[in-house]
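Chemist: What follows is a single structure, and I will ask about it in a moment.
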Amino acid sequence: MSQAGKHLKIGITCYPSLGGSGVVATELGKRLAERGHQVHFIANSIPFRLGQFHKNIFYHEVEVNDYYVFRYPPYDLSLATKMAQVAKAQQLDLLHVHYAVPHAVCAYLAKQMVPDDLKVVTTLHGTDITVLAQDESLKDLIQLAINKSDAVTAVSKDLIRETHELLDITRKIDLTYNFVDERVYYPRDAASLRRDYAQNQEKVLMHISNFRPVKRTLDVIDIFARVQRELPAKLILVGEGPDLPKIQCKIHELGLSEHVFLLGKQDDVAQVISMADLLLLPSEKESFGLVALEAMACGVPTIGSTAGGIPELVLHGQTGMLSSIGDTVQMAKDAVRLLKDDEMMNNFKKACLERACVDFNIDKITEQYELIYERVLSEKSIEINSVK
């Protein structure tokens with residue numbers, strides 16, 4: 001329940017498929033519902049992490065009009081209309097949308113269709129700023145979405161900085177880190193599962209992503225190849241994406257086929273991560289690095305880059321090792337050093353568990369969102385030009 005003791009009616013829109021923003025939005029909605037709020041997911045399909053029935057959670061499907069004069073189905077307009085319909089019918093207090101485009105824009109349109117003062121909270125997750133905001137054809141639209149929101153949050157200090165710089169935004173953006181549910185992410189007993197992929201003396205390295213170029217997945221293979229020369233190890237790759245064929249070719253070229261396992265997409269990530277000794281995250285862009293937090297909560301340190309918000313999450317020399325983007329030589333050296341030093345590894349694992357549970361606790365972050373909701377509901381108007 002919020003600090004003021006009032007249960008709210010909250011509409012949440014996110015990308016329902018695989019991806020960090022969808023995971024965060026869904027888990028936040030579930031926890032808000034547990035705390036007594038009524039949560040209405042508005043999307044084109046049920047968020048994949050929503051799972052079984054939850055009290056206080058409702059799903060409203062967006063159906064796209066396929067009228068023949070439309071060359072492309074107008075999903076954005078259908079979403080805005082659905083948001084307005086749900087807001088009226090359910091008497092929503094606010095809409096919490098994840099991603100500026102198209103969701104915050106749709107929420108702004110919905111707000112114009114609702115007679116009451118419907119509040120809009122927008123959470124920026126990264127790609128809407130780091131990629132889309134650099135497209136001149138979308139820049140003004142993203143600025144509009146941010147400036148017309150009643151509150152804007154971002155998942156790292158680095159993303160806040162980049163938003164201000166790229167879009168010349170001066171309004172306040174609240175820092176709300178991503179979080180982890182310790183009831184789901186904790187060190188699992190994965191010994192029997194691990195034996196399916198590695199022998200007792202072999203170390204297990206893991207990479208989990210959507211295998212896009214910004215994840216630098218070829219660097220993952222390079223790091224592993226260097227590690228494998230120094231000690232017996234296996235690499236487990238989780239996920240799918242456009243770079244997967246390139247990865248498979250490189251694995252074959254380096255003669256690593258017997259040492260690398262591709263598991264595809266997996267829902268029970270906590271069980272899979274618990275098999276690993278190290279997570280590899282050499283990304284070129286990473287606004288936060290949710291997978292590193294999930295690994296941390298399972299007691300698995302990260303070997304990664306200093307991209308974006310990763311250094312805000314992974315403490316170099318405590319919960320992982322970070323190097324410059326593309327420096328696979330140093331990343332491999334750090335991995336080998338950590339894998340060979342049992343005492344250091346144990347210290348890192350303990351630090352991972354403590355940091356995940358204390359600094360990125362789901363209740364702590366949920367309370368921050370509740371305070372933001374209360375703030376916007378108490379305001380009579382948007383302060384577009386508020387100080388950073």
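Numbering starts fresh at 1 for the residues of each chain in the structure tokens, the chains themselves are lettered A, B, ... in the order given, and ligands are numbered from 1 as they appear.
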Fewer than 6 positions away in the same chain doesn't count, so skip those; otherwise give me all residues within 12 Å of Val23 of chain A, counting only C-alpha atoms, as a JSON list (two decimals) with all heavy atoms, in the first residue's frame.

Modeler:
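Writing done, so here's part_37.json:
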[["chain", "number", "residue", "atom", "x", "y", "z"],
["A", 13, "THR", "N", 1.15, -0.17, -19.42],
["A", 13, "THR", "CA", 1.38, -0.59, -20.80],
["A", 13, "THR", "C", 2.87, -0.80, -21.01],
["A", 13, "THR", "O", 3.68, 0.05, -20.62],
["A", 13, "THR", "CB", 0.85, 0.45, -21.80],
["A", 13, "THR", "OG1", -0.58, 0.50, -21.70],
["A", 13, "THR", "CG2", 1.21, 0.05, -23.22],
["A", 14, "CYS", "N", 3.21, -1.94, -21.61],
["A", 14, "CYS", "CA", 4.61, -2.27, -21.88],
["A", 14, "CYS", "C", 4.66, -3.16, -23.11],
["A", 14, "CYS", "O", 3.62, -3.59, -23.63],
["A", 14, "CYS", "CB", 5.24, -2.99, -20.69],
["A", 14, "CYS", "SG", 4.45, -4.59, -20.32],
["A", 15, "TYR", "N", 5.86, -3.44, -23.58],
["A", 15, "TYR", "CA", 6.02, -4.45, -24.62],
["A", 15, "TYR", "C", 5.88, -5.80, -23.94],
["A", 15, "TYR", "O", 6.66, -6.13, -23.04],
["A", 15, "TYR", "CB", 7.38, -4.31, -25.30],
["A", 15, "TYR", "CG", 7.48, -3.10, -26.19],
["A", 15, "TYR", "CD1", 8.30, -2.02, -25.85],
["A", 15, "TYR", "CD2", 6.73, -3.01, -27.36],
["A", 15, "TYR", "CE1", 8.38, -0.90, -26.67],
["A", 15, "TYR", "CE2", 6.80, -1.89, -28.17],
["A", 15, "TYR", "CZ", 7.63, -0.83, -27.82],
["A", 15, "TYR", "OH", 7.70, 0.27, -28.62],
["A", 16, "PRO", "N", 4.89, -6.60, -24.32],
["A", 16, "PRO", "CA", 4.60, -7.82, -23.59],
["A", 16, "PRO", "C", 5.53, -8.99, -23.88],
["A", 16, "PRO", "O", 5.51, -9.99, -23.18],
["A", 16, "PRO", "CB", 3.17, -8.16, -24.04],
["A", 16, "PRO", "CG", 3.08, -7.58, -25.42],
["A", 16, "PRO", "CD", 3.91, -6.33, -25.39],
["A", 17, "SER", "N", 6.34, -8.88, -24.94],
["A", 17, "SER", "CA", 7.23, -9.98, -25.30],
["A", 17, "SER", "C", 8.51, -9.93, -24.48],
["A", 17, "SER", "O", 8.66, -9.10, -23.59],
["A", 17, "SER", "CB", 7.55, -9.93, -26.80],
["A", 17, "SER", "OG", 8.14, -8.69, -27.12],
["A", 29, "GLY", "N", 3.95, -4.50, -11.74],
["A", 29, "GLY", "CA", 2.50, -4.62, -11.65],
["A", 29, "GLY", "C", 2.07, -5.70, -10.68],
["A", 29, "GLY", "O", 1.13, -5.52, -9.88],
["A", 30, "LYS", "N", 2.76, -6.83, -10.71],
["A", 30, "LYS", "CA", 2.43, -7.93, -9.80],
["A", 30, "LYS", "C", 2.65, -7.52, -8.34],
["A", 30, "LYS", "O", 1.84, -7.83, -7.46],
["A", 30, "LYS", "CB", 3.27, -9.17, -10.15],
["A", 30, "LYS", "CG", 2.83, -9.85, -11.44],
["A", 30, "LYS", "CD", 3.90, -10.71, -12.06],
["A", 30, "LYS", "CE", 4.31, -11.88, -11.23],
["A", 30, "LYS", "NZ", 5.27, -12.74, -11.98],
["A", 46, "ILE", "N", -0.86, -10.80, -23.61],
["A", 46, "ILE", "CA", -0.57, -10.90, -22.17],
["A", 46, "ILE", "C", 0.94, -10.89, -21.94],
["A", 46, "ILE", "O", 1.66, -11.66, -22.57],
["A", 46, "ILE", "CB", -1.18, -12.19, -21.59],
["A", 46, "ILE", "CG1", -2.71, -12.15, -21.72],
["A", 46, "ILE", "CG2", -0.79, -12.36, -20.13],
["A", 46, "ILE", "CD1", -3.40, -13.41, -21.24],
["A", 47, "PRO", "N", 1.45, -10.03, -21.07],
["A", 47, "PRO", "CA", 2.89, -10.02, -20.78],
["A", 47, "PRO", "C", 3.38, -11.41, -20.38],
["A", 47, "PRO", "O", 2.74, -12.09, -19.57],
["A", 47, "PRO", "CB", 3.00, -9.03, -19.62],
["A", 47, "PRO", "CG", 1.85, -8.10, -19.83],
["A", 47, "PRO", "CD", 0.74, -8.96, -20.35],
["A", 48, "PHE", "N", 4.51, -11.83, -20.96],
["A", 48, "PHE", "CA", 4.95, -13.21, -20.80],
["A", 48, "PHE", "C", 5.30, -13.57, -19.36],
["A", 48, "PHE", "O", 5.27, -14.73, -18.98],
["A", 48, "PHE", "CB", 6.13, -13.52, -21.73],
["A", 48, "PHE", "CG", 7.47, -13.04, -21.23],
["A", 48, "PHE", "CD1", 8.35, -13.92, -20.64],
["A", 48, "PHE", "CD2", 7.85, -11.71, -21.36],
["A", 48, "PHE", "CE1", 9.59, -13.50, -20.17],
["A", 48, "PHE", "CE2", 9.09, -11.27, -20.91],
["A", 48, "PHE", "CZ", 9.96, -12.17, -20.32],
["A", 49, "ARG", "N", 5.62, -12.59, -18.53],
["A", 49, "ARG", "CA", 5.95, -12.87, -17.13],
["A", 49, "ARG", "C", 4.72, -12.84, -16.21],
["A", 49, "ARG", "O", 4.84, -13.07, -15.01],
["A", 49, "ARG", "CB", 6.98, -11.86, -16.62],
["A", 49, "ARG", "CG", 8.43, -12.12, -17.05],
["A", 49, "ARG", "CD", 9.04, -13.28, -16.28],
["A", 49, "ARG", "NE", 10.44, -13.45, -16.61],
["A", 49, "ARG", "CZ", 11.44, -12.89, -15.94],
["A", 49, "ARG", "NH1", 11.21, -12.12, -14.90],
["A", 49, "ARG", "NH2", 12.68, -13.09, -16.31],
["A", 50, "LEU", "N", 3.56, -12.55, -16.77],
["A", 50, "LEU", "CA", 2.38, -12.43, -15.93],
["A", 50, "LEU", "C", 1.96, -13.79, -15.39],
["A", 50, "LEU", "O", 1.58, -13.92, -14.22],
["A", 50, "LEU", "CB", 1.23, -11.80, -16.73],
["A", 50, "LEU", "CG", 0.07, -11.23, -15.90],
["A", 50, "LEU", "CD1", 0.58, -10.26, -14.85],
["A", 50, "LEU", "CD2", -0.93, -10.54, -16.82],
["A", 51, "GLY", "N", 2.01, -14.82, -16.24],
["A", 51, "GLY", "CA", 1.79, -16.18, -15.78],
["A", 51, "GLY", "C", 0.39, -16.44, -15.28],
["A", 51, "GLY", "O", -0.60, -16.06, -15.90],
["A", 98, "HIS", "N", 5.68, 2.22, -20.17],
["A", 98, "HIS", "CA", 7.10, 1.89, -20.27],
["A", 98, "HIS", "C", 7.54, 2.02, -21.72],
["A", 98, "HIS", "O", 7.07, 1.29, -22.59],
["A", 98, "HIS", "CB", 7.35, 0.48, -19.72],
["A", 98, "HIS", "CG", 7.01, 0.37, -18.27],
["A", 98, "HIS", "ND1", 7.97, 0.36, -17.28],
["A", 98, "HIS", "CD2", 5.82, 0.31, -17.62],
["A", 98, "HIS", "CE1", 7.37, 0.28, -16.09],
["A", 98, "HIS", "NE2", 6.07, 0.25, -16.28],
["A", 125, "HIS", "N", 13.51, 3.23, -20.56],
["A", 125, "HIS", "CA", 14.30, 2.03, -20.32],
["A", 125, "HIS", "C", 15.61, 2.00, -21.09],
["A", 125, "HIS", "O", 16.50, 1.21, -20.78],
["A", 125, "HIS", "CB", 13.49, 0.78, -20.64],
["A", 125, "HIS", "CG", 12.44, 0.47, -19.62],
["A", 125, "HIS", "ND1", 12.68, -0.31, -18.51],
["A", 125, "HIS", "CD2", 11.16, 0.87, -19.52],
["A", 125, "HIS", "CE1", 11.59, -0.39, -17.78],
["A", 125, "HIS", "NE2", 10.64, 0.32, -18.37],
["A", 178, "ASN", "N", 16.04, -0.56, -11.82],
["A", 178, "ASN", "CA", 15.36, -1.84, -11.94],
["A", 178, "ASN", "C", 15.56, -2.63, -10.65],
["A", 178, "ASN", "O", 16.41, -2.29, -9.81],
["A", 178, "ASN", "CB", 15.89, -2.64, -13.13],
["A", 178, "ASN", "CG", 15.45, -2.03, -14.45],
["A", 178, "ASN", "OD1", 14.42, -1.35, -14.51],
["A", 178, "ASN", "ND2", 16.21, -2.26, -15.51],
["A", 179, "PHE", "N", 14.81, -3.69, -10.48],
["A", 179, "PHE", "CA", 14.80, -4.40, -9.21],
["A", 179, "PHE", "C", 14.79, -5.90, -9.44],
["A", 179, "PHE", "O", 14.67, -6.38, -10.58],
["A", 179, "PHE", "CB", 13.56, -4.00, -8.41],
["A", 179, "PHE", "CG", 12.30, -4.09, -9.22],
["A", 179, "PHE", "CD1", 11.66, -5.29, -9.46],
["A", 179, "PHE", "CD2", 11.76, -2.94, -9.79],
["A", 179, "PHE", "CE1", 10.52, -5.38, -10.22],
["A", 179, "PHE", "CE2", 10.61, -3.01, -10.58],
["A", 179, "PHE", "CZ", 9.99, -4.23, -10.79],
["A", 180, "VAL", "N", 14.88, -6.65, -8.36],
["A", 180, "VAL", "CA", 14.84, -8.10, -8.44],
["A", 180, "VAL", "C", 14.00, -8.63, -7.29],
["A", 180, "VAL", "O", 14.02, -8.09, -6.18],
["A", 180, "VAL", "CB", 16.26, -8.69, -8.39],
["A", 180, "VAL", "CG1", 16.90, -8.51, -7.03],
["A", 180, "VAL", "CG2", 16.27, -10.15, -8.81],
["A", 181, "ASP", "N", 13.21, -9.65, -7.58],
["A", 181, "ASP", "CA", 12.36, -10.28, -6.57],
["A", 181, "ASP", "C", 13.14, -11.45, -5.98],
["A", 181, "ASP", "O", 13.38, -12.46, -6.65],
["A", 181, "ASP", "CB", 11.06, -10.77, -7.22],
["A", 181, "ASP", "CG", 10.04, -11.26, -6.19],
["A", 181, "ASP", "OD1", 10.46, -11.57, -5.05],
["A", 181, "ASP", "OD2", 8.85, -11.35, -6.53],
["A", 267, "ASP", "N", 12.28, -19.36, -19.93],
["A", 267, "ASP", "CA", 11.45, -18.60, -19.00],
["A", 267, "ASP", "C", 12.02, -18.62, -17.58],
["A", 267, "ASP", "O", 12.05, -17.61, -16.89],
["A", 267, "ASP", "CB", 10.02, -19.15, -18.98],
["A", 267, "ASP", "CG", 9.26, -18.78, -20.25],
["A", 267, "ASP", "OD1", 9.62, -17.79, -20.89],
["A", 267, "ASP", "OD2", 8.31, -19.51, -20.60],
["A", 269, "VAL", "N", 14.71, -18.24, -15.87],
["A", 269, "VAL", "CA", 16.08, -17.75, -15.98],
["A", 269, "VAL", "C", 16.87, -17.98, -14.69],
["A", 269, "VAL", "O", 18.06, -18.27, -14.74],
["A", 269, "VAL", "CB", 16.09, -16.25, -16.34],
["A", 269, "VAL", "CG1", 17.51, -15.71, -16.42],
["A", 269, "VAL", "CG2", 15.38, -16.01, -17.67],
["A", 290, "LEU", "N", 19.72, -5.50, -16.76],
["A", 290, "LEU", "CA", 18.87, -6.28, -15.86],
["A", 290, "LEU", "C", 19.39, -7.70, -15.65],
["A", 290, "LEU", "O", 19.32, -8.24, -14.55],
["A", 290, "LEU", "CB", 17.44, -6.31, -16.39],
["A", 290, "LEU", "CG", 16.41, -7.07, -15.55],
["A", 290, "LEU", "CD1", 16.29, -6.46, -14.15],
["A", 290, "LEU", "CD2", 15.05, -7.09, -16.25],
["A", 291, "VAL", "N", 19.92, -8.31, -16.70],
["A", 291, "VAL", "CA", 20.39, -9.69, -16.57],
["A", 291, "VAL", "C", 21.54, -9.79, -15.57],
["A", 291, "VAL", "O", 21.68, -10.79, -14.87],
["A", 291, "VAL", "CB", 20.80, -10.26, -17.95],
["A", 291, "VAL", "CG1", 22.05, -9.56, -18.50],
["A", 291, "VAL", "CG2", 21.04, -11.76, -17.87],
["A", 294, "GLU", "N", 19.91, -9.91, -12.21],
["A", 294, "GLU", "CA", 19.33, -11.24, -11.97],
["A", 294, "GLU", "C", 20.42, -12.25, -11.62],
["A", 294, "GLU", "O", 20.24, -13.09, -10.74],
["A", 294, "GLU", "CB", 18.54, -11.68, -13.20],
["A", 294, "GLU", "CG", 17.29, -10.82, -13.43],
["A", 294, "GLU", "CD", 16.58, -11.12, -14.73],
["A", 294, "GLU", "OE1", 17.21, -11.70, -15.64],
["A", 294, "GLU", "OE2", 15.39, -10.76, -14.86]]

Chemist: Just asking: which residues within segment 50-155 of chain A are helix (DSSP H, G or I) according to DSSP, as a PyMOL selection string?

Modeler: chain A and resi 75-90+100-113+127-130+132-134+136-147

Chemist: In Å, with one decimal, what is the gap from atom CA of Ile146 of chain A to atom CA of Phe360 of chain A?

Modeler: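 These two atoms are separated by 25.2 Å.
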
Chemist: Please indicate the distance in Å from atom CA of Ala225 of chain A to atom CA of Gly20 of chain A, rounded to one decimal place.

Modeler: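 Interatomic distance here is 27.8 Å.
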
Chemist: So that I can see what lies close to Met206 of chain A, please list as an MDAnalysis selection string the residues with an atom at most 7 Å from it, counting only C-alpha atoms and leaving out residues fewer than 4 positions away in the same chain.

Modeler: chainID A and resid 235:237 276 278:280

Chemist: Return the single residue from A:Gly11, A:Pro242, A:Pro74, A:Gly264 that is closest to Leu32 of chain A, with distances computed using only C-alpha atoms.

Modeler: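 So, comparing all the options, the nearest one is A:Gly11.
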
Chemist: Set the distance at 9 Å and use only C-alpha atoms: which residues neighbour segment 111-117 of chain A once local chain neighbours fewer than 2 positions away are removed? I'd like the list as number ranges by chain.

Modeler: A: 80-81, 83-85, 87-88, 91, 93-94, 106-109, 119-120, 380

Chemist: Please, could you write that set of residues out with C-alpha atoms as an mmCIF file, in the first residue's frame?

Modeler:
data_model
loop_
_atom_site.group_PDB
_atom_site.id
_atom_site.type_symbol
_atom_site.label_atom_id
_atom_site.label_comp_id
_atom_site.auth_asym_id
_atom_site.auth_seq_id
_atom_site.Cartn_x
_atom_site.Cartn_y
_atom_site.Cartn_z
ATOM 1 C CA ALA A 80 -4.589 5.135 -27.287
ATOM 2 C CA THR A 81 -8.303 4.433 -27.706
ATOM 3 C CA MET A 83 -6.219 3.245 -22.829
ATOM 4 C CA ALA A 84 -8.962 5.879 -22.775
ATOM 5 C CA GLN A 85 -11.729 3.264 -22.696
ATOM 6 C CA ALA A 87 -9.402 4.622 -17.930
ATOM 7 C CA LYS A 88 -13.063 5.674 -18.176
ATOM 8 C CA GLN A 91 -11.842 4.967 -13.286
ATOM 9 C CA ASP A 93 -6.006 7.081 -11.300
ATOM 10 C CA LEU A 94 -3.072 6.992 -13.666
ATOM 11 C CA CYS A 106 -0.523 6.984 -26.827
ATOM 12 C CA ALA A 107 -1.062 7.793 -23.148
ATOM 13 C CA TYR A 108 -0.973 11.520 -23.969
ATOM 14 C CA LEU A 109 -3.659 10.991 -26.627
ATOM 15 C CA LYS A 119 -2.134 11.269 -14.882
ATOM 16 C CA VAL A 120 0.651 9.725 -16.951
ATOM 17 C CA LYS A 380 -2.790 20.117 -10.324
#

Chemist: Which residue out of A:Glu286, A:Asp174, A:Asp219, A:Glu165 has the minimum interatomic distance to Arg375 of chain A when only C-alpha atoms are used?

Modeler: A:Asp174

Chemist: Could you name the residues that touch Gln248 of chain A at 12 Å or less, counting only C-alpha atoms, but leaving out those on the same chain fewer than 4 positions away, as a PyMOL selection string?

Modeler: chain A and resi 211+217-218+220-221+237+240-244+252-258+260-262

Chemist: Taking the backbone alone, and naming residues the way the document does, which bits of segment 70-309 of chain A are strand (DSSP E or B) by DSSP, as a ChimeraX atom specification?

Modeler: /A:94-98,119-124,151-154,174-175,180,203-208,233-238,260-264,278-281,302-305

Chemist: Take atom CA of Lys215 of chain A and atom CA of Arg195 of chain A and report the distance between them in Å, one decimal.

Modeler: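 Distance reported for this atom pair: 27.9 Å.
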
Chemist: Point out the residue among A:His259, A:His96, A:Arg71, A:His103 with the least atom-to-atom distance to Pro232 of chain A, counting only C-alpha atoms.

Modeler: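 Looking at the shortest contact to Pro232 of chain A, the residue is A:His259.
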